[in-house]
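Colleague: File follows, start-v6.pdb with PDB, C-alpha atoms and all ligand atoms:
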MODEL        1
ATOM      1  CA  MET A   1      79.323 -14.262  10.413
ATOM      2  CA  THR A   2      77.270 -15.958  13.109
ATOM      3  CA  GLN A   3      77.694 -15.111  16.782
ATOM      4  CA  ASP A   4      79.307 -18.511  17.252
ATOM      5  CA  GLU A   5      81.859 -17.747  14.520
ATOM      6  CA  LEU A   6      82.632 -14.372  16.110
ATOM      7  CA  LYS A   7      83.250 -16.128  19.430
ATOM      8  CA  ALA A   8      85.584 -18.602  17.730
ATOM      9  CA  LEU A   9      87.428 -15.693  16.110
ATOM     10  CA  VAL A  10      88.168 -13.937  19.396
ATOM     11  CA  GLY A  11      88.907 -17.227  21.142
ATOM     12  CA  GLN A  12      91.609 -17.819  18.556
ATOM     13  CA  ALA A  13      92.839 -14.195  18.744
ATOM     14  CA  ALA A  14      93.398 -14.557  22.498
ATOM     15  CA  MET A  15      96.163 -17.062  21.721
ATOM     16  CA  ALA A  16      98.377 -14.013  21.013
ATOM     17  CA  TYR A  17      98.415 -13.425  24.793
ATOM     18  CA  VAL A  18      99.449 -16.973  25.716
ATOM     19  CA  GLN A  19     103.157 -17.600  26.067
ATOM     20  CA  GLU A  20     104.726 -21.053  25.970
ATOM     21  CA  GLY A  21     105.395 -22.237  29.539
ATOM     22  CA  ALA A  22     103.167 -19.614  31.177
ATOM     23  CA  ILE A  23     100.403 -20.088  33.721
ATOM     24  CA  VAL A  24      97.223 -18.632  32.263
ATOM     25  CA  GLY A  25      93.999 -17.564  33.981
ATOM     26  CA  VAL A  26      90.992 -18.989  32.182
ATOM     27  CA  GLY A  27      87.409 -17.819  32.667
ATOM     28  CA  THR A  28      84.039 -19.325  31.879
ATOM     29  CA  GLY A  29      81.412 -19.281  29.147
ATOM     30  CA  SER A  30      80.789 -20.177  25.530
ATOM     31  CA  THR A  31      83.409 -17.681  24.267
ATOM     32  CA  VAL A  32      86.012 -19.048  26.662
ATOM     33  CA  ASP A  33      85.133 -22.558  25.479
ATOM     34  CA  LYS A  34      86.332 -21.439  22.026
ATOM     35  CA  PHE A  35      89.554 -20.152  23.552
ATOM     36  CA  ILE A  36      90.124 -23.441  25.380
ATOM     37  CA  ASP A  37      89.584 -25.321  22.115
ATOM     38  CA  ALA A  38      92.038 -23.015  20.303
ATOM     39  CA  LEU A  39      94.617 -23.507  23.056
ATOM     40  CA  ALA A  40      94.303 -27.290  22.865
ATOM     41  CA  ALA A  41      94.437 -27.294  19.049
ATOM     42  CA  SER A  42      97.506 -25.014  18.973
ATOM     43  CA  GLY A  43      99.727 -27.593  20.662
ATOM     44  CA  ARG A  44     101.304 -24.724  22.648
ATOM     45  CA  LYS A  45     102.449 -26.125  25.982
ATOM     46  CA  ILE A  46     101.566 -24.012  29.003
ATOM     47  CA  ALA A  47     102.653 -24.738  32.569
ATOM     48  CA  GLY A  48      99.022 -24.748  33.598
ATOM     49  CA  ALA A  49      95.746 -22.892  33.773
ATOM     50  CA  VAL A  50      93.963 -21.412  36.768
ATOM     51  CA  SER A  51      90.286 -21.901  36.100
ATOM     52  CA  SER A  52      87.303 -19.873  37.312
ATOM     53  CA  SER A  53      84.778 -22.707  37.216
ATOM     54  CA  VAL A  54      84.173 -26.409  37.372
ATOM     55  CA  ARG A  55      82.872 -26.202  33.789
ATOM     56  CA  SER A  56      86.134 -24.798  32.379
ATOM     57  CA  THR A  57      88.240 -27.096  34.547
ATOM     58  CA  GLU A  58      86.487 -30.148  33.154
ATOM     59  CA  ARG A  59      86.808 -28.949  29.563
ATOM     60  CA  MET A  60      90.532 -28.261  29.944
ATOM     61  CA  LYS A  61      91.275 -31.530  31.685
ATOM     62  CA  ALA A  62      89.437 -33.437  28.960
ATOM     63  CA  LEU A  63      91.671 -31.720  26.394
ATOM     64  CA  GLY A  64      94.877 -32.461  28.303
ATOM     65  CA  ILE A  65      95.482 -28.918  29.611
ATOM     66  CA  PRO A  66      96.890 -29.014  33.175
ATOM     67  CA  VAL A  67      94.807 -27.111  35.735
ATOM     68  CA  LEU A  68      96.290 -25.547  38.882
ATOM     69  CA  GLU A  69      94.587 -24.288  42.045
ATOM     70  CA  ALA A  70      94.505 -20.500  42.479
ATOM     71  CA  ALA A  71      96.236 -20.929  45.845
ATOM     72  CA  GLU A  72      99.229 -22.538  44.098
ATOM     73  CA  VAL A  73     100.149 -19.433  42.090
ATOM     74  CA  LYS A  74     101.455 -16.037  43.173
ATOM     75  CA  GLY A  75     100.302 -14.217  40.086
ATOM     76  CA  LEU A  76      99.359 -14.477  36.433
ATOM     77  CA  LYS A  77     100.359 -12.437  33.401
ATOM     78  CA  VAL A  78      96.917 -12.713  31.851
ATOM     79  CA  TYR A  79      93.382 -13.718  32.662
ATOM     80  CA  ILE A  80      91.248 -14.470  29.619
ATOM     81  CA  ASP A  81      87.488 -14.347  30.058
ATOM     82  CA  GLY A  82      84.235 -13.294  28.439
ATOM     83  CA  ALA A  83      81.670 -10.762  29.628
ATOM     84  CA  ASP A  84      77.957 -10.132  29.510
ATOM     85  CA  GLU A  85      78.538  -6.425  28.814
ATOM     86  CA  ILE A  86      81.617  -4.273  28.329
ATOM     87  CA  ASP A  87      81.791  -0.504  27.946
ATOM     88  CA  HIS A  88      84.348   1.537  26.010
ATOM     89  CA  GLN A  89      86.495   1.976  29.134
ATOM     90  CA  GLY A  90      86.757  -1.794  29.770
ATOM     91  CA  HIS A  91      84.294  -1.933  32.690
ATOM     92  CA  MET A  92      82.257  -5.129  32.529
ATOM     93  CA  VAL A  93      79.150  -6.852  33.799
ATOM     94  CA  LYS A  94      79.812 -10.526  34.396
ATOM     95  CA  GLY A  95      78.160 -13.433  36.146
ATOM     96  CA  GLY A  96      75.560 -14.637  33.660
ATOM     97  CA  GLY A  97      77.093 -18.072  34.187
ATOM     98  CA  ALA A  98      77.009 -17.648  38.011
ATOM     99  CA  ALA A  99      80.825 -17.935  38.297
ATOM    100  CA  LEU A 100      81.456 -14.246  39.098
ATOM    101  CA  THR A 101      83.114 -14.691  42.494
ATOM    102  CA  ARG A 102      85.750 -17.098  41.258
ATOM    103  CA  GLU A 103      86.169 -14.968  38.124
ATOM    104  CA  LYS A 104      86.938 -11.928  40.274
ATOM    105  CA  ILE A 105      89.386 -13.918  42.395
ATOM    106  CA  VAL A 106      91.333 -15.171  39.359
ATOM    107  CA  ALA A 107      91.156 -11.753  37.667
ATOM    108  CA  ASP A 108      92.703 -10.245  40.798
ATOM    109  CA  LEU A 109      95.740 -12.522  40.382
ATOM    110  CA  ALA A 110      96.388 -11.296  36.858
ATOM    111  CA  GLU A 111      98.385  -8.349  35.539
ATOM    112  CA  THR A 112      96.077  -7.988  32.518
ATOM    113  CA  PHE A 113      92.458  -8.959  31.982
ATOM    114  CA  VAL A 114      91.932  -9.882  28.337
ATOM    115  CA  CYS A 115      88.210  -9.793  27.599
ATOM    116  CA  ILE A 116      86.982 -11.789  24.609
ATOM    117  CA  ALA A 117      83.522 -10.937  23.333
ATOM    118  CA  ASP A 118      81.399 -10.628  20.234
ATOM    119  CA  GLU A 119      80.295  -7.117  19.339
ATOM    120  CA  SER A 120      76.805  -7.565  20.820
ATOM    121  CA  LYS A 121      78.432  -7.195  24.268
ATOM    122  CA  LEU A 122      79.753  -3.662  23.702
ATOM    123  CA  VAL A 123      77.495  -1.030  25.331
ATOM    124  CA  PRO A 124      77.755   2.708  26.009
ATOM    125  CA  THR A 125      76.576   2.268  29.643
ATOM    126  CA  LEU A 126      76.407  -0.903  31.752
ATOM    127  CA  GLY A 127      73.042  -2.053  33.062
ATOM    128  CA  LYS A 128      70.917  -3.387  30.245
ATOM    129  CA  PHE A 129      71.973  -6.973  30.963
ATOM    130  CA  PRO A 130      70.466  -7.959  34.336
ATOM    131  CA  LEU A 131      73.269  -7.472  36.857
ATOM    132  CA  PRO A 132      74.216 -10.693  38.696
ATOM    133  CA  VAL A 133      74.940 -10.308  42.399
ATOM    134  CA  GLU A 134      76.044 -13.320  44.439
ATOM    135  CA  VAL A 135      74.555 -13.175  47.932
ATOM    136  CA  ILE A 136      74.444 -15.081  51.199
ATOM    137  CA  PRO A 137      70.954 -16.644  51.107
ATOM    138  CA  MET A 138      69.698 -15.102  54.396
ATOM    139  CA  ALA A 139      70.488 -11.586  53.107
ATOM    140  CA  ALA A 140      68.763 -11.921  49.719
ATOM    141  CA  ALA A 141      65.468 -10.230  50.666
ATOM    142  CA  GLN A 142      67.149  -7.226  52.328
ATOM    143  CA  ILE A 143      69.537  -6.785  49.385
ATOM    144  CA  ALA A 144      66.560  -6.907  47.004
ATOM    145  CA  ARG A 145      64.929  -4.114  49.056
ATOM    146  CA  ARG A 146      68.093  -2.011  48.761
ATOM    147  CA  PHE A 147      67.995  -2.347  44.974
ATOM    148  CA  ALA A 148      64.269  -1.501  44.971
ATOM    149  CA  ALA A 149      65.147   1.708  46.828
ATOM    150  CA  MET A 150      67.432   2.535  43.873
ATOM    151  CA  GLY A 151      64.518   2.011  41.468
ATOM    152  CA  ALA A 152      65.725  -1.399  40.285
ATOM    153  CA  GLU A 153      64.250  -4.872  40.577
ATOM    154  CA  ALA A 154      66.217  -7.823  41.936
ATOM    155  CA  GLN A 155      65.020 -11.333  41.216
ATOM    156  CA  LEU A 156      66.335 -14.534  42.726
ATOM    157  CA  ARG A 157      67.769 -16.824  40.016
ATOM    158  CA  ALA A 158      65.588 -19.882  40.485
ATOM    159  CA  GLY A 159      67.244 -23.203  41.211
ATOM    160  CA  VAL A 160      70.791 -21.837  41.156
ATOM    161  CA  VAL A 161      73.315 -22.498  43.905
ATOM    162  CA  THR A 162      76.781 -21.197  43.076
ATOM    163  CA  ASP A 163      80.070 -23.101  43.351
ATOM    164  CA  ASN A 164      80.326 -21.336  46.743
ATOM    165  CA  GLY A 165      76.916 -22.451  48.033
ATOM    166  CA  CYS A 166      75.324 -19.016  47.594
ATOM    167  CA  HIS A 167      72.432 -17.522  45.600
ATOM    168  CA  ILE A 168      72.306 -15.118  42.656
ATOM    169  CA  LEU A 169      70.113 -12.044  42.353
ATOM    170  CA  ASP A 170      69.620 -10.681  38.824
ATOM    171  CA  VAL A 171      68.987  -6.942  38.946
ATOM    172  CA  ARG A 172      67.050  -5.164  36.206
ATOM    173  CA  GLY A 173      66.508  -1.471  35.653
ATOM    174  CA  LEU A 174      69.985  -0.148  36.440
ATOM    175  CA  SER A 175      72.028   2.378  34.513
ATOM    176  CA  ILE A 176      75.544   2.162  35.928
ATOM    177  CA  THR A 177      77.167   5.471  35.051
ATOM    178  CA  ASP A 178      80.010   5.225  37.596
ATOM    179  CA  PRO A 179      80.959   1.518  37.655
ATOM    180  CA  ALA A 180      83.845   1.887  40.140
ATOM    181  CA  ALA A 181      81.717   3.730  42.720
ATOM    182  CA  PHE A 182      78.799   1.351  42.193
ATOM    183  CA  GLU A 183      81.008  -1.726  42.655
ATOM    184  CA  ALA A 184      82.601  -0.326  45.826
ATOM    185  CA  ASP A 185      79.221   0.642  47.291
ATOM    186  CA  VAL A 186      77.275  -2.569  46.620
ATOM    187  CA  ASN A 187      80.204  -4.746  47.681
ATOM    188  CA  GLN A 188      79.875  -3.292  51.181
ATOM    189  CA  TRP A 189      76.245  -4.233  51.701
ATOM    190  CA  PRO A 190      75.983  -6.978  54.332
ATOM    191  CA  GLY A 191      75.480 -10.342  52.688
ATOM    192  CA  VAL A 192      76.801  -9.373  49.265
ATOM    193  CA  VAL A 193      79.495 -11.863  48.287
ATOM    194  CA  THR A 194      80.319 -10.369  44.896
ATOM    195  CA  VAL A 195      78.689  -7.816  42.648
ATOM    196  CA  GLY A 196      79.000  -8.598  38.937
ATOM    197  CA  VAL A 197      80.456  -5.189  38.026
ATOM    198  CA  PHE A 198      84.152  -5.537  37.180
ATOM    199  CA  ALA A 199      85.523  -2.002  37.432
ATOM    200  CA  ARG A 200      88.427  -2.421  39.833
ATOM    201  CA  ASN A 201      89.518  -5.425  37.763
ATOM    202  CA  LYS A 202      88.409  -4.070  34.421
ATOM    203  CA  ALA A 203      89.627  -5.317  31.062
ATOM    204  CA  GLY A 204      93.036  -4.019  30.029
ATOM    205  CA  VAL A 205      92.402  -5.334  26.542
ATOM    206  CA  CYS A 206      89.156  -6.266  24.813
ATOM    207  CA  LEU A 207      89.231  -8.460  21.718
ATOM    208  CA  LEU A 208      85.920  -7.729  20.081
ATOM    209  CA  GLY A 209      84.596  -9.993  17.341
ATOM    210  CA  THR A 210      82.969  -7.927  14.582
ATOM    211  CA  ALA A 211      81.835  -8.549  11.017
ATOM    212  CA  GLU A 212      85.043  -6.766   9.917
ATOM    213  CA  GLY A 213      87.239  -9.025  12.072
ATOM    214  CA  VAL A 214      88.759  -8.729  15.532
ATOM    215  CA  LYS A 215      88.986  -5.205  16.931
ATOM    216  CA  THR A 216      91.385  -4.633  19.819
ATOM    217  CA  LEU A 217      90.136  -2.070  22.337
ATOM    218  CA  THR A 218      92.558  -0.913  25.028
TER     219      THR A 218
HETATM  220  C1  LIG A 301      81.491 -15.554  31.923
HETATM  221  O1  LIG A 301      80.711 -16.069  30.909
HETATM  222  C2  LIG A 301      80.656 -14.634  32.577
HETATM  223  O2  LIG A 301      81.074 -13.767  33.508
HETATM  224  C3  LIG A 301      79.726 -14.125  31.596
HETATM  225  O3  LIG A 301      78.556 -14.216  32.303
HETATM  226  C4  LIG A 301      79.742 -15.140  30.545
HETATM  227  C5  LIG A 301      79.887 -14.780  29.121
HETATM  228  O4  LIG A 301      79.485 -15.921  28.469
HETATM  229  P1  LIG A 301      79.449 -16.145  26.936
HETATM  230  O5  LIG A 301      80.856 -16.094  26.475
HETATM  231  O6  LIG A 301      78.847 -17.507  26.851
HETATM  232  O7  LIG A 301      78.568 -15.087  26.372
HETATM  233  O8  LIG A 301      82.656 -15.029  31.460
ENDMDL
END
Translate the structure of the given file into structure tokens.
Ligand code: ABF

Modeller:
Amino acid sequence: MTQDELKALVGQAAMAYVQEGAIVGVGTGSTVDKFIDALAASGRKIAGAVSSSVRSTERMKALGIPVLEAAEVKGLKVYIDGADEIDHQGHMVKGGGAALTREKIVADLAETFVCIADESKLVPTLGKFPLPVEVIPMAAAQIARRFAAMGAEAQLRAGVVTDNGCHILDVRGLSITDPAAFEADVNQWPGVVTVGVFARNKAGVCLLGTAEGVKTLT
């Protein structure tokens, strides 16, 4: 199976977590696009979706799926989103699509994070994928120096301004052995808006697309 087919497989499998009439949190990315397509094709009527990006909002609206503002909802049963990396405990690296801040906000509203990913995303330890960190522009150089002091290299993502008007640093050379401690630490650095480690809001369920079919990791 191609990577695209594996993404379609898990996008479809995520429909098992979508109840008629519910409000569903919907993330961003090519895997989530498959989920949005499966939701539209299913004909299942949901009360609405809370979206983590302009990209997903536009796709859903074009397919007739109602989109609600995060501020309009008190909570969500599920948030369905992809990841750049996920470990066996459900910790993730996210933000390759630069939507990490809104993804963390919507994930925080949800009881369960359902991660949909092809098997290439499963890793023993987070850090191989360059870690996205959204930063206030004036703090970028100092934050890069802090990462250098940890033996890593932070590079400004050229030409990217996030939905929140901020910049993204991509950090290479990390091995994140304690994701919860790392997330808590980096989040406190002045000028960090969001670090792309999702440990506090880790995946409760991961639907992993493999050559043998969908594996459910909990
Ligand atoms: C978002 O989309 C991100 O947090 C992550 O960067 C990415 C995964 O994209 P894809 O499904 O295209 O691999 O969920």

Colleague: Between atom CA of Gly97 of chain A and atom CA of Lys61 of chain A, what distance in Å does the model show, to one decimal?

Modeller: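 Computing the Euclidean distance for atom CA of Gly97 of chain A and atom CA of Lys61 of chain A yields 19.7 Å.
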
Colleague: Pull out every residue that the PyMOL selection byres (((chain A and resi 207-214) around 8) and not hetatm) matches in the shown coordinates and put them as a ChimeraX atom specification.

Modeller: /A:1,6-7,9-10,13-14,114-119,205-206,215-217

Colleague: Have a look at A:Met92, A:Ala180, A:Ala107, A:Leu39 and name the one nearest to Ala70 of chain A; count all atoms listed in the file.

Modeller: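 The answer is A:Ala107, which sits nearest to Ala70 of chain A.
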
Colleague: Could you list, as a compact mmCIF listing (two decimals) with C-alpha atoms, in the coordinates of the input, every residue within 9 Å of Tyr79 of chain A, counting only C-alpha atoms and ignoring same-chain residues fewer than 6 positions away?

Modeller:
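Final file, around_24.txt:
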# COMPACT_ATOMS: atom_id res chain seq x y z
CA VAL A 24 97.22 -18.63 32.26
CA GLY A 25 94.00 -17.56 33.98
CA VAL A 26 90.99 -18.99 32.18
CA GLY A 27 87.41 -17.82 32.67
CA VAL A 50 93.96 -21.41 36.77
CA VAL A 106 91.33 -15.17 39.36
CA ALA A 107 91.16 -11.75 37.67
CA ASP A 108 92.70 -10.24 40.80
CA LEU A 109 95.74 -12.52 40.38
CA ALA A 110 96.39 -11.30 36.86
CA GLU A 111 98.38 -8.35 35.54
CA THR A 112 96.08 -7.99 32.52
CA PHE A 113 92.46 -8.96 31.98
CA VAL A 114 91.93 -9.88 28.34
CA CYS A 115 88.21 -9.79 27.60

Colleague: Could you give me, as a list of chain:residue names, every polymer residue with an atom at most 6 Å away from an atom of ligand LIG 301 (chain A), counting all atoms listed in the file?

Modeller: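 Taking all atoms listed in the file into account, the residues around ligand LIG 301 (chain A) at most 6 Å away are A:Gly27, A:Thr28, A:Gly29, A:Ser30, A:Thr31, A:Val32, A:Asp81, A:Gly82, A:Ala83, A:Asp84, A:Lys94, A:Gly95, A:Gly96, A:Gly97, A:Leu100.
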
Colleague: Neighbours of segment 155-165 of chain A within 8 Å (only C-alpha atoms; same-chain residues fewer than 2 positions away dropped), as a PyMOL selection string?

Modeller: chain A and resi 53-54+98-99+140+144+153+167-171

Colleague: Please provide the set of residues having any atom within 6 Å of Ala22 of chain A, restricted to all atoms listed in the file, with same-chain residues fewer than 3 positions apart removed, written as a PyMOL selection string.

Modeller: chain A and resi 19+46-47

Colleague: For the atom pair atom CA of Ile176 of chain A and atom CA of Gly151 of chain A, what is the interatomic distance in Å to one decimal place?

Modeller: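 The value is 12.3 Å.
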